[in-house]
Structures are given as structure tokens and as C-alpha cells.
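Colleague: Following this line is query.cif, made up of mmCIF, C-alpha atoms:
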```
data_my_file
loop_
_atom_site.group_PDB
_atom_site.id
_atom_site.type_symbol
_atom_site.label_atom_id
_atom_site.label_comp_id
_atom_site.auth_asym_id
_atom_site.auth_seq_id
_atom_site.Cartn_x
_atom_site.Cartn_y
_atom_site.Cartn_z
ATOM 1 C CA GLN P 1 21.960 -13.408 -2.016
ATOM 2 C CA GLU P 2 18.669 -14.991 -0.989
ATOM 3 C CA ASP P 3 16.961 -17.460 -3.305
ATOM 4 C CA VAL P 4 13.734 -16.393 -4.965
ATOM 5 C CA LYS P 5 11.082 -19.113 -4.905
ATOM 6 C CA LEU P 6 8.644 -18.730 -7.777
ATOM 7 C CA THR P 7 5.036 -19.812 -7.337
ATOM 8 C CA SER P 8 2.860 -20.822 -10.240
ATOM 9 C CA ARG P 9 0.965 -18.019 -11.954
ATOM 10 C CA LYS P 10 -2.054 -20.316 -12.029
ATOM 11 C CA ALA P 11 -1.981 -20.812 -8.259
ATOM 12 C CA MET P 12 -3.655 -17.533 -7.473
ATOM 13 C CA ALA P 13 -4.645 -18.234 -3.878
ATOM 14 C CA LEU P 14 -1.573 -19.913 -2.399
ATOM 15 C CA PRO P 15 -1.112 -19.115 1.308
ATOM 16 C CA LEU P 16 1.472 -16.572 2.334
ATOM 17 C CA PRO P 17 4.799 -18.290 3.069
ATOM 18 C CA HIS P 18 6.117 -18.421 6.622
ATOM 19 C CA SER P 19 9.811 -18.697 5.739
ATOM 20 C CA ARG P 20 12.198 -15.768 5.431
ATOM 21 C CA GLY P 21 13.069 -16.512 1.819
ATOM 22 C CA ILE P 22 12.003 -14.184 -0.969
ATOM 23 C CA HIS P 23 8.906 -15.455 -2.747
ATOM 24 C CA SER P 24 7.158 -14.400 -5.937
ATOM 25 C CA PHE P 25 3.482 -14.318 -5.046
ATOM 26 C CA GLY P 26 0.379 -15.145 -7.062
ATOM 27 C CA ARG P 27 0.525 -13.686 -10.545
ATOM 28 C CA GLY P 28 4.152 -12.620 -10.184
ATOM 29 C CA THR P 29 3.597 -8.862 -9.779
ATOM 30 C CA VAL P 30 4.861 -8.709 -6.188
ATOM 31 C CA ARG P 31 7.544 -10.398 -4.122
ATOM 32 C CA ILE P 32 7.219 -10.989 -0.419
ATOM 33 C CA CYS P 33 9.443 -11.900 2.495
ATOM 34 C CA ARG P 34 8.979 -12.399 6.228
ATOM 35 C CA ARG P 35 10.900 -10.118 8.566
ATOM 36 C CA GLY P 36 10.917 -9.173 12.237
ATOM 37 C CA THR P 37 12.140 -10.892 15.382
ATOM 38 C CA GLY P 38 8.911 -12.865 15.526
ATOM 39 C CA ASN P 39 8.785 -13.402 11.762
ATOM 40 C CA ASP P 40 5.512 -11.478 11.918
ATOM 41 C CA ILE P 41 6.174 -8.667 9.439
ATOM 42 C CA VAL P 42 5.505 -9.244 5.737
ATOM 43 C CA VAL P 43 7.527 -7.084 3.356
ATOM 44 C CA VAL P 44 5.630 -6.683 0.087
ATOM 45 C CA ALA P 45 7.618 -5.315 -2.858
ATOM 46 C CA LEU P 46 5.791 -4.149 -5.981
ATOM 47 C CA TRP P 47 7.675 -6.058 -8.678
ATOM 48 C CA ARG P 48 7.189 -4.761 -12.206
ATOM 49 C CA PRO P 49 10.496 -2.907 -12.557
ATOM 50 C CA ARG P 50 10.403 -2.830 -16.373
ATOM 51 C CA VAL P 51 7.405 -0.485 -16.167
ATOM 52 C CA LYS P 52 8.549 1.231 -12.961
ATOM 53 C CA ASN P 53 6.132 -0.837 -10.859
ATOM 54 C CA ALA P 54 3.051 0.402 -12.686
ATOM 55 C CA VAL P 55 -0.056 -1.155 -11.190
ATOM 56 C CA ASN P 56 -2.114 -3.392 -13.489
ATOM 57 C CA ASP P 57 -5.095 -5.618 -12.731
ATOM 58 C CA ASP P 58 -2.868 -8.572 -11.836
ATOM 59 C CA MET P 59 -1.038 -6.475 -9.234
ATOM 60 C CA TYR P 60 -4.304 -5.221 -7.790
ATOM 61 C CA LEU P 61 -5.516 -8.828 -7.481
ATOM 62 C CA ASP P 62 -2.250 -9.976 -5.887
ATOM 63 C CA MET P 63 -2.477 -7.149 -3.355
ATOM 64 C CA ILE P 64 -6.113 -8.029 -2.597
ATOM 65 C CA ASP P 65 -5.065 -11.611 -1.880
ATOM 66 C CA ILE P 66 -2.196 -10.495 0.366
ATOM 67 C CA LEU P 67 -4.372 -8.103 2.351
ATOM 68 C CA ALA P 68 -7.129 -10.691 2.743
ATOM 69 C CA GLN P 69 -4.793 -13.454 3.897
ATOM 70 C CA SER P 70 -2.840 -11.156 6.208
ATOM 71 C CA SER P 71 -6.057 -9.955 7.822
ATOM 72 C CA HIS P 72 -6.897 -13.488 8.954
ATOM 73 C CA ASP P 73 -3.394 -14.808 9.653
ATOM 74 C CA SER P 74 -2.642 -14.499 13.370
ATOM 75 C CA SER P 75 1.088 -14.894 12.695
ATOM 76 C CA ILE P 76 1.145 -11.559 10.822
ATOM 77 C CA THR P 77 1.018 -8.267 12.711
ATOM 78 C CA ALA P 78 2.177 -5.783 10.064
ATOM 79 C CA ILE P 79 2.850 -5.241 6.358
ATOM 80 C CA VAL P 80 5.624 -3.074 4.940
ATOM 81 C CA LEU P 81 4.901 -2.007 1.366
ATOM 82 C CA THR P 82 7.749 -0.898 -0.908
ATOM 83 C CA GLY P 83 8.884 -0.992 -4.546
ATOM 84 C CA ALA P 84 11.544 -2.771 -6.557
ATOM 85 C CA GLU P 85 14.536 -0.890 -7.968
ATOM 86 C CA SER P 86 14.323 2.886 -8.334
ATOM 87 C CA TYR P 87 10.550 3.489 -8.266
ATOM 88 C CA PHE P 88 7.981 2.964 -5.531
ATOM 89 C CA SER P 89 5.278 2.983 -8.221
ATOM 90 C CA SER P 90 4.681 4.939 -11.411
ATOM 91 C CA GLY P 91 0.935 4.677 -10.847
ATOM 92 C CA ALA P 92 -1.767 2.797 -12.702
ATOM 93 C CA ASP P 93 -0.703 1.041 -15.896
ATOM 94 C CA LEU P 94 -2.461 3.097 -18.581
ATOM 95 C CA LYS P 95 -1.941 0.296 -21.115
ATOM 96 C CA ASP P 96 -3.917 -2.152 -19.002
ATOM 97 C CA GLY P 97 -7.338 -0.857 -20.027
ATOM 98 C CA ASN P 98 -8.373 0.297 -16.543
ATOM 99 C CA PHE P 99 -9.714 3.621 -17.767
ATOM 100 C CA GLU P 100 -12.379 2.715 -20.290
ATOM 101 C CA SER P 101 -15.621 4.641 -19.882
ATOM 102 C CA GLU P 102 -18.351 2.850 -17.979
ATOM 103 C CA ASP P 103 -22.075 3.196 -17.496
ATOM 104 C CA GLY P 104 -23.737 4.124 -14.244
ATOM 105 C CA ARG P 105 -21.444 7.081 -13.473
ATOM 106 C CA GLY P 106 -18.633 4.886 -12.218
ATOM 107 C CA ARG P 107 -20.727 2.524 -10.103
ATOM 108 C CA ASP P 108 -18.905 -0.470 -11.606
ATOM 109 C CA THR P 109 -15.550 0.760 -10.331
ATOM 110 C CA LEU P 110 -15.838 -0.957 -6.952
ATOM 111 C CA HIS P 111 -16.326 -4.304 -8.674
ATOM 112 C CA ARG P 112 -13.159 -3.977 -10.734
ATOM 113 C CA PRO P 113 -9.719 -5.003 -9.427
ATOM 114 C CA ALA P 114 -8.712 -1.381 -8.727
ATOM 115 C CA GLY P 115 -11.861 -0.662 -6.738
ATOM 116 C CA ARG P 116 -11.687 -3.946 -4.864
ATOM 117 C CA PHE P 117 -8.080 -3.198 -3.894
ATOM 118 C CA MET P 118 -9.065 0.240 -2.612
ATOM 119 C CA MET P 119 -11.803 -1.234 -0.445
ATOM 120 C CA ALA P 120 -9.441 -3.945 0.830
ATOM 121 C CA LEU P 121 -6.875 -1.320 1.799
ATOM 122 C CA LEU P 122 -9.475 0.785 3.599
ATOM 123 C CA ALA P 123 -10.685 -2.278 5.503
ATOM 124 C CA PHE P 124 -7.254 -3.696 6.400
ATOM 125 C CA PRO P 125 -7.304 -4.123 10.207
ATOM 126 C CA LYS P 126 -3.572 -4.371 10.921
ATOM 127 C CA VAL P 127 -0.563 -2.069 10.741
ATOM 128 C CA ILE P 128 0.601 -1.149 7.236
ATOM 129 C CA VAL P 129 3.730 0.908 6.596
ATOM 130 C CA ALA P 130 4.827 2.433 3.281
ATOM 131 C CA ALA P 131 8.562 2.516 2.556
ATOM 132 C CA VAL P 132 8.844 4.923 -0.370
ATOM 133 C CA GLN P 133 12.325 4.580 -1.816
ATOM 134 C CA GLY P 134 11.654 6.435 -5.082
ATOM 135 C CA PRO P 135 8.968 8.263 -7.073
ATOM 136 C CA ALA P 136 5.374 7.630 -5.998
ATOM 137 C CA VAL P 137 2.910 8.558 -8.741
ATOM 138 C CA GLY P 138 -0.876 8.380 -8.961
ATOM 139 C CA ILE P 139 -2.231 5.418 -7.001
ATOM 140 C CA GLY P 140 1.310 4.977 -5.644
ATOM 141 C CA PHE P 141 0.873 8.378 -4.018
ATOM 142 C CA THR P 142 -2.782 8.370 -2.973
ATOM 143 C CA LEU P 143 -2.551 5.034 -1.147
ATOM 144 C CA LEU P 144 0.075 6.499 1.201
ATOM 145 C CA LEU P 145 -2.566 8.532 3.025
ATOM 146 C CA HIS P 146 -4.218 5.255 4.051
ATOM 147 C CA CYS P 147 -1.060 3.766 5.574
ATOM 148 C CA ASP P 148 -0.341 3.974 9.295
ATOM 149 C CA LEU P 149 3.219 5.181 8.692
ATOM 150 C CA CYS P 150 5.072 6.448 5.646
ATOM 151 C CA LEU P 151 8.874 6.483 5.535
ATOM 152 C CA CYS P 152 10.792 7.758 2.532
ATOM 153 C CA THR P 153 14.314 8.351 1.271
ATOM 154 C CA GLU P 154 15.694 11.597 -0.128
ATOM 155 C CA GLN P 155 15.193 10.141 -3.628
ATOM 156 C CA ALA P 156 11.419 9.939 -3.170
ATOM 157 C CA THR P 157 9.102 12.264 -5.066
ATOM 158 C CA PHE P 158 5.322 12.493 -4.936
ATOM 159 C CA TRP P 159 3.103 13.305 -7.908
ATOM 160 C CA ALA P 160 -0.640 13.081 -8.606
ATOM 161 C CA PRO P 161 -0.994 14.053 -12.298
ATOM 162 C CA PHE P 162 -4.689 13.183 -12.621
ATOM 163 C CA THR P 163 -5.788 16.355 -14.418
ATOM 164 C CA ARG P 164 -3.089 15.825 -17.076
ATOM 165 C CA ILE P 165 -4.817 12.626 -18.167
ATOM 166 C CA ALA P 166 -8.382 13.808 -17.446
ATOM 167 C CA LEU P 167 -9.005 11.483 -14.500
ATOM 168 C CA VAL P 168 -10.783 12.054 -11.220
ATOM 169 C CA PRO P 169 -8.445 11.578 -8.222
ATOM 170 C CA GLU P 170 -9.003 8.137 -6.722
ATOM 171 C CA LEU P 171 -8.872 6.416 -3.351
ATOM 172 C CA CYS P 172 -10.609 9.256 -1.455
ATOM 173 C CA SER P 173 -7.642 11.538 -2.174
ATOM 174 C CA SER P 174 -9.860 14.597 -2.678
ATOM 175 C CA ALA P 175 -10.771 14.133 1.002
ATOM 176 C CA THR P 176 -7.586 12.695 2.532
ATOM 177 C CA PHE P 177 -5.310 15.294 0.956
ATOM 178 C CA ILE P 178 -7.438 18.161 2.279
ATOM 179 C CA GLU P 179 -7.601 16.543 5.704
ATOM 180 C CA THR P 180 -3.830 16.062 5.806
ATOM 181 C CA ILE P 181 -2.422 19.225 4.210
ATOM 182 C CA GLY P 182 -5.335 21.650 3.824
ATOM 183 C CA LEU P 183 -7.410 22.778 0.859
ATOM 184 C CA SER P 184 -4.898 25.084 -0.815
ATOM 185 C CA LYS P 185 -1.964 22.656 -0.818
ATOM 186 C CA ALA P 186 -4.271 19.776 -1.784
ATOM 187 C CA ASN P 187 -5.381 21.774 -4.832
ATOM 188 C CA GLU P 188 -1.754 22.354 -5.769
ATOM 189 C CA LEU P 189 -1.277 18.598 -5.870
ATOM 190 C CA LEU P 190 -4.587 17.476 -7.349
ATOM 191 C CA LEU P 191 -5.602 20.387 -9.598
ATOM 192 C CA LEU P 192 -2.239 21.791 -10.659
ATOM 193 C CA GLY P 193 -0.409 18.465 -10.603
ATOM 194 C CA LYS P 194 2.496 19.790 -8.585
ATOM 195 C CA LYS P 195 5.288 17.301 -7.953
ATOM 196 C CA ILE P 196 6.913 17.543 -4.530
ATOM 197 C CA ASP P 197 10.152 16.210 -3.072
ATOM 198 C CA ALA P 198 10.758 14.296 0.145
ATOM 199 C CA LYS P 199 11.432 17.417 2.227
ATOM 200 C CA THR P 200 8.134 18.986 1.163
ATOM 201 C CA ALA P 201 6.289 15.712 1.807
ATOM 202 C CA LEU P 202 7.718 15.676 5.314
ATOM 203 C CA ASP P 203 6.772 19.307 5.929
ATOM 204 C CA TRP P 204 3.238 18.625 4.638
ATOM 205 C CA ASN P 205 2.786 15.552 6.893
ATOM 206 C CA ILE P 206 2.535 13.134 3.975
ATOM 207 C CA CYS P 207 5.479 11.131 5.285
ATOM 208 C CA SER P 208 6.632 10.826 8.871
ATOM 209 C CA GLN P 209 10.392 10.755 8.331
ATOM 210 C CA ILE P 210 13.148 10.854 5.742
ATOM 211 C CA VAL P 211 15.622 8.022 6.274
ATOM 212 C CA GLY P 212 19.177 8.613 5.114
ATOM 213 C CA GLY P 213 21.975 6.165 4.412
ATOM 214 C CA CYS P 214 19.782 3.412 2.975
ATOM 215 C CA ASP P 215 21.007 0.926 0.395
ATOM 216 C CA GLN P 216 20.576 2.297 -3.127
ATOM 217 C CA SER P 217 21.045 -0.939 -5.083
ATOM 218 C CA GLY P 218 17.321 -1.252 -5.799
ATOM 219 C CA ASN P 219 16.980 -4.475 -3.821
ATOM 220 C CA PRO P 220 14.017 -3.921 -1.458
ATOM 221 C CA PHE P 221 15.085 -6.906 0.654
ATOM 222 C CA HIS P 222 18.656 -5.740 1.303
ATOM 223 C CA GLU P 223 19.470 -5.666 5.018
ATOM 224 C CA ASN P 224 19.903 -1.879 4.829
ATOM 225 C CA SER P 225 17.027 -1.075 2.463
ATOM 226 C CA LEU P 226 14.349 1.387 3.521
ATOM 227 C CA ALA P 227 11.895 -1.493 3.957
ATOM 228 C CA SER P 228 14.340 -3.245 6.292
ATOM 229 C CA VAL P 229 14.737 -0.044 8.314
ATOM 230 C CA ALA P 230 10.946 0.158 8.593
ATOM 231 C CA CYS P 231 10.846 -3.429 9.878
ATOM 232 C CA GLN P 232 13.542 -2.643 12.433
ATOM 233 C CA GLN P 233 11.603 0.365 13.691
ATOM 234 C CA LEU P 234 8.395 -1.661 13.993
ATOM 235 C CA ASP P 235 10.278 -4.383 15.842
ATOM 236 C CA ARG P 236 12.066 -2.019 18.214
ATOM 237 C CA HIS P 237 9.320 0.464 19.022
ATOM 238 C CA LEU P 238 6.099 -1.512 18.713
ATOM 239 C CA LEU P 239 6.075 -5.264 18.197
ATOM 240 C CA SER P 240 8.752 -6.055 20.788
ATOM 241 C CA LEU P 241 6.735 -4.352 23.527
ATOM 242 C CA PRO P 242 4.744 -6.591 25.890
ATOM 243 C CA LEU P 243 1.455 -5.554 24.306
ATOM 244 C CA GLY P 244 2.790 -4.817 20.814
ATOM 245 C CA GLY P 245 1.106 -7.881 19.373
ATOM 246 C CA LYS P 246 -2.256 -6.545 20.531
ATOM 247 C CA THR P 247 -2.066 -3.661 18.048
ATOM 248 C CA SER P 248 -3.837 -5.535 15.285
ATOM 249 C CA GLN P 249 -6.682 -6.401 17.653
ATOM 250 C CA VAL P 250 -7.058 -2.728 18.611
ATOM 251 C CA SER P 251 -7.045 -1.751 14.921
ATOM 252 C CA GLU P 252 -9.645 -4.402 14.143
ATOM 253 C CA SER P 253 -11.881 -3.174 16.977
ATOM 254 C CA TRP P 254 -11.527 0.397 15.727
ATOM 255 C CA PHE P 255 -12.468 -0.665 12.200
ATOM 256 C CA GLY P 256 -15.513 -2.464 13.554
ATOM 257 C CA PHE P 257 -16.524 0.684 15.455
ATOM 258 C CA MET P 258 -16.154 2.829 12.333
ATOM 259 C CA HIS P 259 -18.126 0.310 10.270
ATOM 260 C CA THR P 260 -20.948 0.547 12.800
ATOM 261 C CA LEU P 261 -20.978 4.341 12.508
ATOM 262 C CA LEU P 262 -20.942 4.285 8.712
ATOM 263 C CA HIS P 263 -23.374 1.392 8.219
ATOM 264 C CA PRO P 264 -25.761 1.376 11.211
ATOM 265 C CA THR P 265 -28.609 -0.299 9.288
ATOM 266 C CA GLN P 266 -26.413 -3.114 8.008
ATOM 267 C CA THR P 267 -24.908 -3.684 11.467
ATOM 268 C CA ALA P 268 -28.342 -3.756 13.107
ATOM 269 C CA HIS P 269 -29.485 -6.302 10.529
ATOM 270 C CA LYS P 270 -26.491 -8.554 11.278
ATOM 271 C CA ARG P 271 -27.193 -8.375 15.002
ATOM 272 C CA SER P 272 -30.799 -9.375 14.430
ATOM 273 C CA LEU P 273 -29.818 -12.577 12.597
#
```
Starting from the coordinates I provided, produce the structure as C-alpha cells.
Modeller:
Amino acid sequence: QEDVKLTSRKAMALPLPHSRGIHSFGRGTVRICRRGTGNDIVVVALWRPRVKNAVNDDMYLDMIDILAQSSHDSSITAIVLTGAESYFSSGADLKDGNFESEDGRGRDTLHRPAGRFMMALLAFPKVIVAAVQGPAVGIGFTLLLHCDLCLCTEQATFWAPFTRIALVPELCSSATFIETIGLSKANELLLLGKKIDAKTALDWNICSQIVGGCDQSGNPFHENSLASVACQQLDRHLLSLPLGGKTSQVSESWFGFMHTLLHPTQTAHKRSL
């Protein structure tokens, strides 16, 4: 069993480790480990198993830090995101106070940890893969449509119960779901709160493959866990290729192109400086 190296909760901006050991990062809501032949894949495991990996502000902030550091670290080419134990994520932690009413029709949302995480995910310029080994609920579901690949096990389920708790679907899901599976099926998920299994998620193009025979111990860093399988596939089919390491540069160029299309005035202003 690999040793877990705990970092101080007060050391919020420690650099991502380069060793293959398992590390508790930042505020302690995630654990990370390097994988891949070139040690260039970071496995990030959501680590609040007592609450089924519910996402609170501390987890949002830890994920923001990981995405920001990974974006600028040339030794990292990909992130594999997974969950600890039986859940991928049970969604936002409703006890964390993230859902208090706010003035300005929600304009403050982007300045809160949840909104800042969403923007960081949208802007992430490198490859990110979701390894969904169990139920994905709420934000744990909607973020999948912003990943480059989504692998799941047969135990995975997908549920967006926003209308049950009188919330507006977040993370552009009212657009990404329609784009991915069509209006009618998107309404089944977002309006009716339909829960779907792995086979349906595969049929609806939410995940790219169902991986059988994975370790079921709940250890996301096991050599036969779904996250490890995802790392092996990245290594074998992408990063080991002669130009595999260029992928992040292509992604970054594409993001820059899209930013120019979406914010032409801002881009023109930057060029004039």
C-alpha cells in the first residue's frame, strides 16, 4: 500500500507534487498521484467519502488550484478525475451554504468558489478525463460534459435532480445536455430528474465506454482501478505517440481561438496594449 503524504491545510497553494506517491492536497478534500510512463498524468480523486464526495467550497478551491497549476506546469499533459470509494460525487454539499439567495439575479455566482471552479474547468487547456466509478449526481454529473473523455463502470449512475431542490441546472448543462443528447432526452434529465444507468449513458453519448473488470475496493489509486485504466489508455493511445505531448498545446491554441470569437473587443484591446 502506498503512503499518503499529508500537506498542511494552511498551505493552500503548495505546488503539485512530482512523485508517484499519494498526496493529500491543499485543504484535504482531494488526493492526487502522478501516473503515466512520463509521470505526466495527474490522477485527482475527490476525497470526502463520509459524505459521498459531496462538493463543498474547500473542494471547489482545491480543484481551482489544481487546474491553475496544471495549466502552467509543462510536466503535466492530462488530468484524470475520479472519486474515492463507492461514489464519484453526490453533488454539491447542501449543508455548505452554497445556495443562499443573492442579489443581482445570480451575478455574484461567478465570484464564489463554485462559479470560479466552473470557469476554471471551462478554460482548462489540457486533456481532462473523467473516470466515473459510481454515482455521479448534480455537479458531479454536469461537469462530465466538459471533459474530453468520460469512462465509467457498470456501477455508475447519472442523476441531475435540480428541480427536486428548486435549483437552476448549473455549468451550462441546459445547453450541453441538449447539444449532446437532444432536447427531449435533456428534458428527461433536467426537468423530470430521471436517473440513468451506465448503459443508457453510453447510448446517449454521455460516456465513451463502460469498462468492466475494474477493482471494486474503492481505492481510486489501485493498479486496476478505473482511473488507472484511464491512465493506461491515455499512455497507450495518445501520450506515447511521437506528437502526443503536443496535445495540450493544440488544446491551448483552440481555447485561445474560441476566446477570440467570444470576446473580440477584449482581445482587440489586449493586442493594442
Colleague: Which residue gives the smallest distance to Glu223 of chain P among P:Ala78, P:Ala68, P:Phe25, P:Gly36, with all atoms listed in the file counted?
Modeller: P:Gly36
Colleague: Give me, please, the distance in Å between atom CA of Ala227 of chain P and atom CA of Phe162 of chain P, quoted to one decimal.
Modeller: 27.7 Å
Colleague: Show me, as a ChimeraX atom specification, the residues that have an atom within 10 Å of Gly213 of chain P when counting all atoms listed in the file, minus same-chain residues fewer than 4 positions from it.
Modeller: /P:153-154,224-226
Colleague: May I have the centre and edge lengths, in Å to one decimal, of an axis-aligned box around the listed atoms of segment 26-43 of chain P with 4 Å added to every side, as AutoDock Vina command-line options?
Modeller:
```
--center_x 6.3 --center_y -11.1 --center_z 2.5 --size_x 19.8 --size_y 16.1 --size_z 34.1
```
Colleague: Which residue out of P:Ala186, P:Ile76, P:Ile165, P:Ala175 has the minimum interatomic distance to Lys126 of chain P when all atoms listed in the file are used?
Modeller: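 Ranking P:Ala186, P:Ile76, P:Ile165, P:Ala175 by distance to Lys126 of chain P, first place goes to P:Ile76.
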Colleague: Could you tell me how far atom CA of Leu149 of chain P lies from atom CA of Ile128 of chain P, in Å and to one decimal?
Modeller: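 Atom CA of Ile128 of chain P lies 7.0 Å from atom CA of Leu149 of chain P.
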Colleague: Pull out every residue that the PyMOL selection byres ((chain P and resi 35) around 10) matches in the shown coordinates and put them as an mmCIF file with C-alpha atoms, in the coordinates of the input.
Modeller:
```cif
data_model
loop_
_atom_site.group_PDB
_atom_site.id
_atom_site.type_symbol
_atom_site.label_atom_id
_atom_site.label_comp_id
_atom_site.auth_asym_id
_atom_site.auth_seq_id
_atom_site.Cartn_x
_atom_site.Cartn_y
_atom_site.Cartn_z
ATOM 1 C CA HIS P 18 6.117 -18.421 6.622
ATOM 2 C CA SER P 19 9.811 -18.697 5.739
ATOM 3 C CA ARG P 20 12.198 -15.768 5.431
ATOM 4 C CA GLY P 21 13.069 -16.512 1.819
ATOM 5 C CA ILE P 32 7.219 -10.989 -0.419
ATOM 6 C CA CYS P 33 9.443 -11.900 2.495
ATOM 7 C CA ARG P 34 8.979 -12.399 6.228
ATOM 8 C CA GLY P 36 10.917 -9.173 12.237
ATOM 9 C CA THR P 37 12.140 -10.892 15.382
ATOM 10 C CA GLY P 38 8.911 -12.865 15.526
ATOM 11 C CA ASN P 39 8.785 -13.402 11.762
ATOM 12 C CA ASP P 40 5.512 -11.478 11.918
ATOM 13 C CA ILE P 41 6.174 -8.667 9.439
ATOM 14 C CA VAL P 42 5.505 -9.244 5.737
ATOM 15 C CA VAL P 43 7.527 -7.084 3.356
ATOM 16 C CA ALA P 78 2.177 -5.783 10.064
ATOM 17 C CA ILE P 79 2.850 -5.241 6.358
ATOM 18 C CA VAL P 80 5.624 -3.074 4.940
ATOM 19 C CA PHE P 221 15.085 -6.906 0.654
ATOM 20 C CA ALA P 227 11.895 -1.493 3.957
ATOM 21 C CA SER P 228 14.340 -3.245 6.292
ATOM 22 C CA CYS P 231 10.846 -3.429 9.878
ATOM 23 C CA GLN P 232 13.542 -2.643 12.433
ATOM 24 C CA ASP P 235 10.278 -4.383 15.842
#
```
Colleague: Which residues fall under the PyMOL selection byres ((chain P and resi 60) around 10) in this file, as a list in words?
Modeller: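 Applying the PyMOL selection byres ((chain P and resi 60) around 10) to the structure shown produces Thr29, Val30, Val55, Asn56, Asp57, Asp58, Met59, Leu61, Asp62, Met63, Ile64, Asp65, Ile66, Ala92, Arg112, Pro113, Ala114, Gly115, Arg116, Phe117 and Met118 of chain P.
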Colleague: Using Å and a single decimal, report how far atom CA of Thr142 of chain P sits from atom CA of Gln233 of chain P.
Modeller: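 Separating atom CA of Gln233 of chain P from atom CA of Thr142 of chain P is a distance of 23.4 Å.
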Colleague: Suppose a student applies the PyMOL selection byres ((chain P and resi 191-203) around 12) to this structure; what residues should they get, written as an NGL selection string?
Modeller: :P and (132-138 or 141 or 144-145 or 149-169 or 173-174 or 177 or 180-181 or 183-190 or 204-212)
Colleague: Tell me which of P:Ile22, P:Leu238, P:Leu16, P:Val229 sits closest to His72 of chain P, counting only C-alpha atoms.
Modeller: P:Leu16
